[in-house]
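Enquirer: See my_file-v4.cif below, with mmCIF, C-alpha atoms.
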```cif
data_start
loop_
_atom_site.label_atom_id
_atom_site.label_comp_id
_atom_site.auth_asym_id
_atom_site.auth_seq_id
_atom_site.Cartn_x
_atom_site.Cartn_y
_atom_site.Cartn_z
CA MET A 16 -23.10 16.84 -2.66
CA THR A 17 -21.00 15.53 -5.50
CA ASN A 18 -20.49 11.79 -5.38
CA VAL A 19 -16.74 11.42 -5.39
CA PRO A 20 -14.78 8.28 -6.20
CA CYS A 21 -12.71 7.39 -3.17
CA CYS A 22 -9.07 8.23 -3.53
CA LEU A 23 -6.90 5.20 -2.91
CA ILE A 24 -3.36 5.41 -1.53
CA GLU A 25 -0.78 2.88 -2.64
CA LYS A 26 1.27 1.93 0.41
CA PRO A 27 4.83 0.72 -0.21
CA LEU A 28 5.14 -3.06 -0.10
CA ASP A 29 8.68 -2.86 1.24
CA LEU A 30 8.69 -0.27 4.02
CA GLN A 31 12.42 -0.51 4.56
CA ALA A 32 13.13 0.10 0.87
CA ALA A 33 10.68 3.01 0.92
CA TYR A 34 12.43 4.51 3.94
CA GLU A 35 15.89 4.11 2.42
CA THR A 36 14.69 5.65 -0.82
CA ALA A 37 13.23 8.60 1.05
CA ILE A 38 16.45 9.19 3.02
CA ALA A 39 18.53 9.03 -0.14
CA GLU A 40 16.22 11.60 -1.72
CA ASN A 41 16.05 13.92 1.28
CA PRO A 42 18.10 13.23 4.45
CA ALA A 43 15.68 15.39 6.45
CA ASN A 44 13.15 12.57 6.10
CA ARG A 45 14.90 10.87 9.02
CA LEU A 46 13.19 13.31 11.35
CA THR A 47 9.98 12.28 13.07
CA SER A 48 9.41 15.71 14.55
CA VAL A 49 10.81 19.20 14.29
CA PRO A 50 11.06 20.84 17.74
CA GLY A 51 9.83 24.41 17.89
CA ARG A 52 8.22 24.37 14.44
CA LYS A 53 4.53 24.10 13.78
CA LYS A 54 3.38 22.35 10.67
CA ARG A 55 -0.06 21.37 9.51
CA ALA A 56 -1.83 18.82 7.42
CA VAL A 57 -1.16 15.17 7.74
CA ALA A 58 1.97 14.00 6.00
CA ARG A 59 4.62 11.42 6.82
CA HIS A 60 8.08 12.91 7.23
CA THR A 61 9.76 10.02 5.49
CA TYR A 62 8.25 10.74 2.06
CA PHE A 63 9.08 14.38 1.25
CA TRP A 64 11.12 15.26 -1.83
CA ALA A 65 14.27 17.34 -1.58
CA PRO A 66 13.39 21.05 -1.84
CA GLY A 67 14.53 22.49 -5.14
CA ARG A 68 13.97 19.18 -6.89
CA THR A 69 12.49 18.85 -10.38
CA LEU A 70 9.91 16.06 -10.58
CA ARG A 71 9.72 14.46 -14.01
CA ILE A 72 6.11 13.57 -14.76
CA ALA A 73 5.17 11.22 -17.59
CA PHE A 74 1.82 10.14 -19.02
CA LEU A 75 1.30 6.46 -19.82
CA ASN A 76 -1.86 7.20 -21.81
CA GLY A 77 -4.58 9.81 -22.26
CA ASP A 78 -5.41 12.31 -24.97
CA GLN A 79 -4.02 15.83 -25.13
CA SER A 80 -7.04 17.40 -23.43
CA PHE A 81 -6.54 15.07 -20.45
CA LYS A 82 -2.84 15.91 -20.26
CA ASP A 83 -3.49 19.63 -20.49
CA ALA A 84 -6.13 19.45 -17.74
CA VAL A 85 -3.77 17.51 -15.45
CA LYS A 86 -0.98 20.02 -15.96
CA ALA A 87 -3.25 22.98 -15.25
CA ALA A 88 -4.60 21.45 -12.05
CA ALA A 89 -1.23 20.23 -10.76
CA ASN A 90 0.39 23.60 -11.36
CA ASN A 91 -1.85 25.18 -8.71
CA TRP A 92 0.63 23.80 -6.16
CA LEU A 93 3.70 25.37 -7.75
CA PRO A 94 3.47 28.92 -6.29
CA HIS A 95 3.60 27.37 -2.81
CA ILE A 96 6.46 24.88 -3.12
CA ASN A 97 10.14 24.91 -3.95
CA LEU A 98 9.78 22.15 -6.54
CA LYS A 99 9.40 22.14 -10.29
CA PHE A 100 7.19 19.90 -12.42
CA GLU A 101 8.64 18.83 -15.77
CA PHE A 102 6.06 17.05 -17.90
CA VAL A 103 8.04 14.77 -20.18
CA GLU A 104 7.38 12.75 -23.29
CA GLY A 105 7.58 8.97 -23.09
CA GLU A 106 6.97 6.70 -20.11
CA GLU A 107 10.03 7.37 -17.96
CA GLY A 108 9.33 9.67 -15.04
CA ASP A 109 9.49 9.99 -11.28
CA ILE A 110 5.70 10.20 -11.44
CA ARG A 111 3.81 8.23 -14.10
CA ILE A 112 0.15 9.02 -14.68
CA LYS A 113 -2.40 6.70 -16.23
CA SER A 114 -5.93 7.70 -17.22
CA GLU A 115 -8.43 5.16 -15.91
CA PRO A 116 -12.17 5.91 -15.66
CA GLY A 117 -13.61 6.05 -12.16
CA VAL A 118 -10.31 5.78 -10.28
CA TYR A 119 -8.20 8.25 -8.30
CA TRP A 120 -5.08 6.74 -6.76
CA SER A 121 -1.51 7.69 -5.93
CA HIS A 122 1.70 6.73 -4.17
CA ILE A 123 2.71 9.02 -1.30
CA GLY A 124 5.68 11.27 -2.07
CA THR A 125 9.02 9.52 -2.57
CA SER A 126 7.43 6.07 -2.32
CA ALA A 127 6.70 6.51 -6.05
CA LEU A 128 10.42 5.87 -6.61
CA THR A 129 10.07 2.34 -5.22
CA GLU A 130 8.00 1.37 -8.29
CA THR A 131 10.92 0.81 -10.63
CA ASP A 132 8.94 -0.72 -13.50
CA GLN A 133 8.60 2.28 -15.79
CA SER A 134 5.60 0.72 -17.53
CA LEU A 135 3.53 0.89 -14.32
CA PRO A 136 1.76 4.01 -13.05
CA THR A 137 2.41 5.77 -9.78
CA MET A 138 -0.88 7.66 -10.13
CA LEU A 139 -4.28 6.97 -11.68
CA LEU A 140 -6.65 9.77 -12.62
CA SER A 141 -10.16 9.43 -14.00
CA PRO A 142 -10.66 11.50 -17.19
CA ASP A 143 -13.54 13.46 -15.67
CA HIS A 144 -12.35 16.77 -17.13
CA GLN A 145 -14.85 16.29 -19.93
CA LEU A 146 -17.74 15.96 -17.46
CA SER A 147 -16.85 18.50 -14.76
CA LEU A 148 -13.63 20.45 -14.85
CA LYS A 149 -14.05 21.70 -11.25
CA PHE A 150 -14.50 18.15 -10.00
CA PHE A 151 -11.50 16.94 -11.99
CA ASN A 152 -9.31 19.81 -10.84
CA ALA A 153 -10.15 19.18 -7.18
CA ASN A 154 -9.36 15.48 -7.41
CA THR A 155 -6.17 16.06 -9.39
CA MET A 156 -4.91 18.64 -6.88
CA HIS A 157 -5.75 16.12 -4.15
CA GLU A 158 -3.67 13.41 -5.82
CA PHE A 159 -0.78 15.79 -6.35
CA GLY A 160 -1.02 16.59 -2.64
CA HIS A 161 -0.26 12.91 -2.08
CA VAL A 162 2.62 13.20 -4.56
CA LEU A 163 4.00 15.99 -2.37
CA GLY A 164 3.77 13.77 0.72
CA ALA A 165 0.39 14.64 2.28
CA GLU A 166 -2.00 12.10 3.78
CA HIS A 167 -5.80 12.35 4.01
CA GLU A 168 -6.95 15.22 6.19
CA HIS A 169 -10.13 13.48 7.38
CA LEU A 170 -7.78 10.96 9.06
CA HIS A 171 -5.98 13.77 10.91
CA PRO A 172 -5.29 12.70 14.52
CA GLU A 173 -7.53 15.53 15.74
CA SER A 174 -10.36 14.92 13.27
CA ASN A 175 -13.72 15.24 15.05
CA ILE A 176 -16.14 14.00 12.38
CA PRO A 177 -19.27 12.56 14.08
CA TRP A 178 -19.47 9.51 11.82
CA ASN A 179 -22.53 7.27 11.87
CA ARG A 180 -20.50 4.13 11.36
CA GLN A 181 -23.46 1.88 10.70
CA ALA A 182 -24.67 4.17 7.90
CA VAL A 183 -21.21 4.17 6.30
CA TYR A 184 -20.94 0.39 6.66
CA ALA A 185 -24.36 -0.12 5.08
CA ALA A 186 -23.50 2.16 2.14
CA HIS A 187 -20.37 0.09 1.45
CA GLY A 188 -21.95 -3.33 1.77
CA VAL A 189 -20.47 -4.28 5.13
CA PRO A 190 -22.63 -7.10 6.52
CA GLU A 191 -24.66 -6.16 9.56
CA GLY A 192 -22.86 -7.25 12.70
CA ALA A 193 -19.53 -7.76 10.89
CA ASP A 194 -16.61 -7.88 13.31
CA GLU A 195 -13.21 -6.24 12.94
CA ASP A 196 -11.84 -9.22 11.01
CA ASN A 197 -14.36 -8.79 8.18
CA TYR A 198 -12.43 -7.80 5.04
CA THR A 199 -14.94 -5.20 3.78
CA ARG A 200 -15.21 -3.61 7.22
CA ARG A 201 -11.41 -3.40 7.47
CA ILE A 202 -11.30 -1.55 4.13
CA VAL A 203 -14.00 0.91 5.25
CA ASP A 204 -12.36 1.45 8.63
CA ALA A 205 -9.02 2.19 6.97
CA ARG A 206 -10.66 4.58 4.51
CA TYR A 207 -12.76 6.62 6.94
CA PHE A 208 -12.23 5.85 10.60
CA ASN A 209 -8.67 4.81 11.45
CA LEU A 210 -7.05 8.11 12.39
CA LEU A 211 -3.34 8.52 11.79
CA ASP A 212 -0.91 8.00 14.63
CA PRO A 213 0.18 11.47 15.85
CA SER A 214 3.68 10.08 16.48
CA GLU A 215 4.06 9.33 12.77
CA VAL A 216 2.78 12.59 11.31
CA VAL A 217 3.33 16.31 11.66
CA HIS A 218 0.18 18.30 12.09
CA SER A 219 -1.38 21.46 13.38
CA PRO A 220 -5.13 21.86 13.97
CA TYR A 221 -7.43 19.81 11.78
CA ASP A 222 -8.45 21.62 8.59
CA PRO A 223 -11.88 20.67 7.15
CA LYS A 224 -11.22 23.00 4.19
CA SER A 225 -8.10 21.10 3.05
CA ILE A 226 -7.96 19.79 -0.51
CA MET A 227 -6.81 16.55 1.15
CA HIS A 228 -10.13 16.11 2.97
CA TYR A 229 -12.80 13.70 1.76
CA PRO A 230 -16.29 15.14 1.33
CA VAL A 231 -18.53 13.96 4.19
CA ARG A 232 -22.16 13.13 3.49
CA GLN A 233 -24.70 14.33 6.02
CA ASP A 234 -26.51 10.97 6.00
CA TRP A 235 -23.22 9.34 7.06
CA THR A 236 -22.91 11.46 10.22
CA GLU A 237 -24.77 12.10 13.45
CA GLY A 238 -26.56 15.41 13.67
CA ASP A 239 -26.22 18.26 11.19
CA PHE A 240 -22.67 17.70 9.92
CA GLU A 241 -21.58 17.80 6.30
CA ILE A 242 -18.47 18.74 4.31
CA TYR A 243 -18.72 19.38 0.61
CA LEU A 244 -15.99 18.57 -1.88
CA ASN A 245 -13.26 21.16 -1.39
CA LEU A 246 -12.52 22.64 -4.81
CA VAL A 247 -9.41 24.72 -4.11
CA LEU A 248 -6.27 24.62 -2.01
CA SER A 249 -6.94 25.94 1.48
CA GLU A 250 -4.75 28.63 3.00
CA LYS A 251 -3.41 26.02 5.41
CA ASP A 252 -2.61 23.65 2.52
CA LYS A 253 -0.52 26.40 0.96
CA ALA A 254 1.21 27.33 4.22
CA PHE A 255 2.05 23.74 5.07
CA MET A 256 3.61 22.94 1.71
CA ALA A 257 5.51 26.24 1.72
CA GLU A 258 7.08 25.13 5.00
CA VAL A 259 7.82 21.59 3.82
CA TYR A 260 9.34 22.88 0.58
CA PRO A 261 10.88 26.25 1.55
CA SER A 262 12.53 28.52 -0.97
CA SER A 263 15.66 28.36 1.17
CA THR A 264 16.76 25.26 3.11
CA THR A 265 19.14 27.31 5.23
CA ASP A 266 16.48 29.05 7.31
#
```
Could I get this structure in the form of structure tokens?
Expert:
Amino acid sequence: MTNVPCCLIEKPLDLQAAYETAIAENPANRLTSVPGRKKRAVARHTYFWAPGRTLRIAFLNGDQSFKDAVKAAANNWLPHINLKFEFVEGEEGDIRIKSEPGVYWSHIGTSALTETDQSLPTMLLSPDHQLSLKFFNANTMHEFGHVLGAEHEHLHPESNIPWNRQAVYAAHGVPEGADEDNYTRRIVDARYFNLLDPSEVVHSPYDPKSIMHYPVRQDWTEGDFEIYLNLVLSEKDKAFMAEVYPSSTTD
């Protein structure tokens, strides 16, 4: 299995400001559920962009080959969403991307707007396109899934991964016998084990093929269970985003 840098999610520091920003962007973000409609993937309602919106995307650094690779990967989402991506010159954008080796990181959806300092990134991408374009594309599509409002699929409320917690703890340097107050254990628990609250997310059945799913190493699970790095958008990824960002908001 490919060893994948863990994607990090930047949570808003001011949740009230993030909520107000999301409502101003898209009043439908007030909803916590939509009766009679089935959606999938794990994504917080309060962070979706307004359908039909153009997202201005700026690069804070990176050479042209990096920028071209990001654009090509991100554009895989476009046939399935009623949004446009406008890659702009300069540092002012709704989304600001910085190239930083070994790091994949993003704000969730409209929370990017709460970072008002235009010199700071709302996404970090490792310039791995020169090493493995498939790997880079998968991770870039994953981060743009966060941009669109999706959470991690392996934290889906119905996720049934048979984790061997002690093996995961050992691999991440959690001291043996560490309790729940141990800082390193808290980080690992949040990254792999703390499933999302079903009252805060909209979801249909768990999708192990989602681009938003972490790869799962067999030696980190009980029994014969493994998930490789998903390299393409799943059919359920496409269907979910098509419903979140419909071509017509009057349906």
Enquirer: Could you check the closest approach to Tyr184 in chain A for each of A:Lys99, A:His161, A:Arg201, A:His122 and tell me which residue wins, using all atoms listed in the file?
Expert: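 Answer, going by the shortest atom-to-atom distance: A:Arg201.
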Enquirer: Using the chain letters and numbers from the file, give me the residues hit by the PyMOL selection byres ((chain A and resi 26-42) around 8), as a ChimeraX atom specification.
Expert: /A:24-25,43-45,61-65,122-123,125-126,128-129
Enquirer: Could you state the separation of CA of Ile202 in chain A and CA of Val183 in chain A in Å, given to one decimal place?
Expert: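 Interatomic distance here is 11.6 Å.
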Enquirer: Under the rule that only C-alpha atoms are counted, which of A:Ala205, A:Ala127, A:Ala84, A:Ile72 is the nearest residue to Glu104 in chain A?
Expert: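 Of the candidates, the smallest distance to Glu104 in chain A is held by A:Ile72.
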Enquirer: Would you compute the distance between CA of Ala73 in chain A and CA of Glu115 in chain A? Give it in Å to one decimal.
Expert: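 Calculated distance between CA of Ala73 in chain A and CA of Glu115 in chain A is 15.0 Å.
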Enquirer: Would you mind listing, for every residue of range 192-245 of chain A within 8 Å of range 140-156 of chain A, the two atoms forming the shortest contact and the distance between them in Å to one decimal, using all atoms listed in the file, sorted by chain and ascending residue number, as a tab-separated table?
Expert:
```
residue	atom	partner	partner_atom	distance
A:Ile226	CA	A:Ala153	CA	7.0
A:Leu244	CA	A:Ala153	CA	7.9
A:Asn245	CA	A:Ala153	CA	6.9
```
Enquirer: With C-alpha atoms retained, export the selected residues as a PDB file, in the frame of the given file.
Expert:
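Result file follows (part07.pdb):
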```
ATOM      1  CA  ILE A 226      -7.960  19.790  -0.510  1.00  0.00           C
ATOM      2  CA  LEU A 244     -15.990  18.570  -1.880  1.00  0.00           C
ATOM      3  CA  ASN A 245     -13.260  21.160  -1.390  1.00  0.00           C
TER       4      ASN A 245
END
```
Enquirer: One number please: CA of Ala186 in chain A to CA of Phe159 in chain A, in Å, one decimal.
Expert: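 According to the coordinates, CA of Ala186 in chain A and CA of Phe159 in chain A are separated by 27.8 Å.
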Enquirer: Determine the residue membership of the PyMOL selection byres ((chain A and resi 178) around 12) for the file above and supply it as a list in words.
Expert: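 Output from the PyMOL selection byres ((chain A and resi 178) around 12), applied to this file: His169, Ser174, Asn175, Ile176, Pro177, Asn179, Arg180, Gln181, Ala182, Val183, Tyr184, Asp204, Tyr207, Phe208, Asn209, Val231, Arg232, Gln233, Asp234, Trp235, Thr236, Glu237, Gly238, Asp239, Phe240, Glu241 and Ile242 of chain A.
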Enquirer: Which is closer to Ala254 in chain A than all the others in A:Gly192, A:Gly164, A:Pro94, A:Pro66, using all atoms listed in the file?
Expert: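 The closest residue to Ala254 in chain A is A:Pro94.
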Enquirer: Taking all atoms listed in the file into account, which of A:Thr131, A:Thr199, A:Ser114, A:Thr137 comes nearest Val85 in chain A?
Expert: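 Checking each of A:Thr131, A:Thr199, A:Ser114, A:Thr137 against Val85 in chain A, counting all atoms listed in the file, the winner is A:Ser114.
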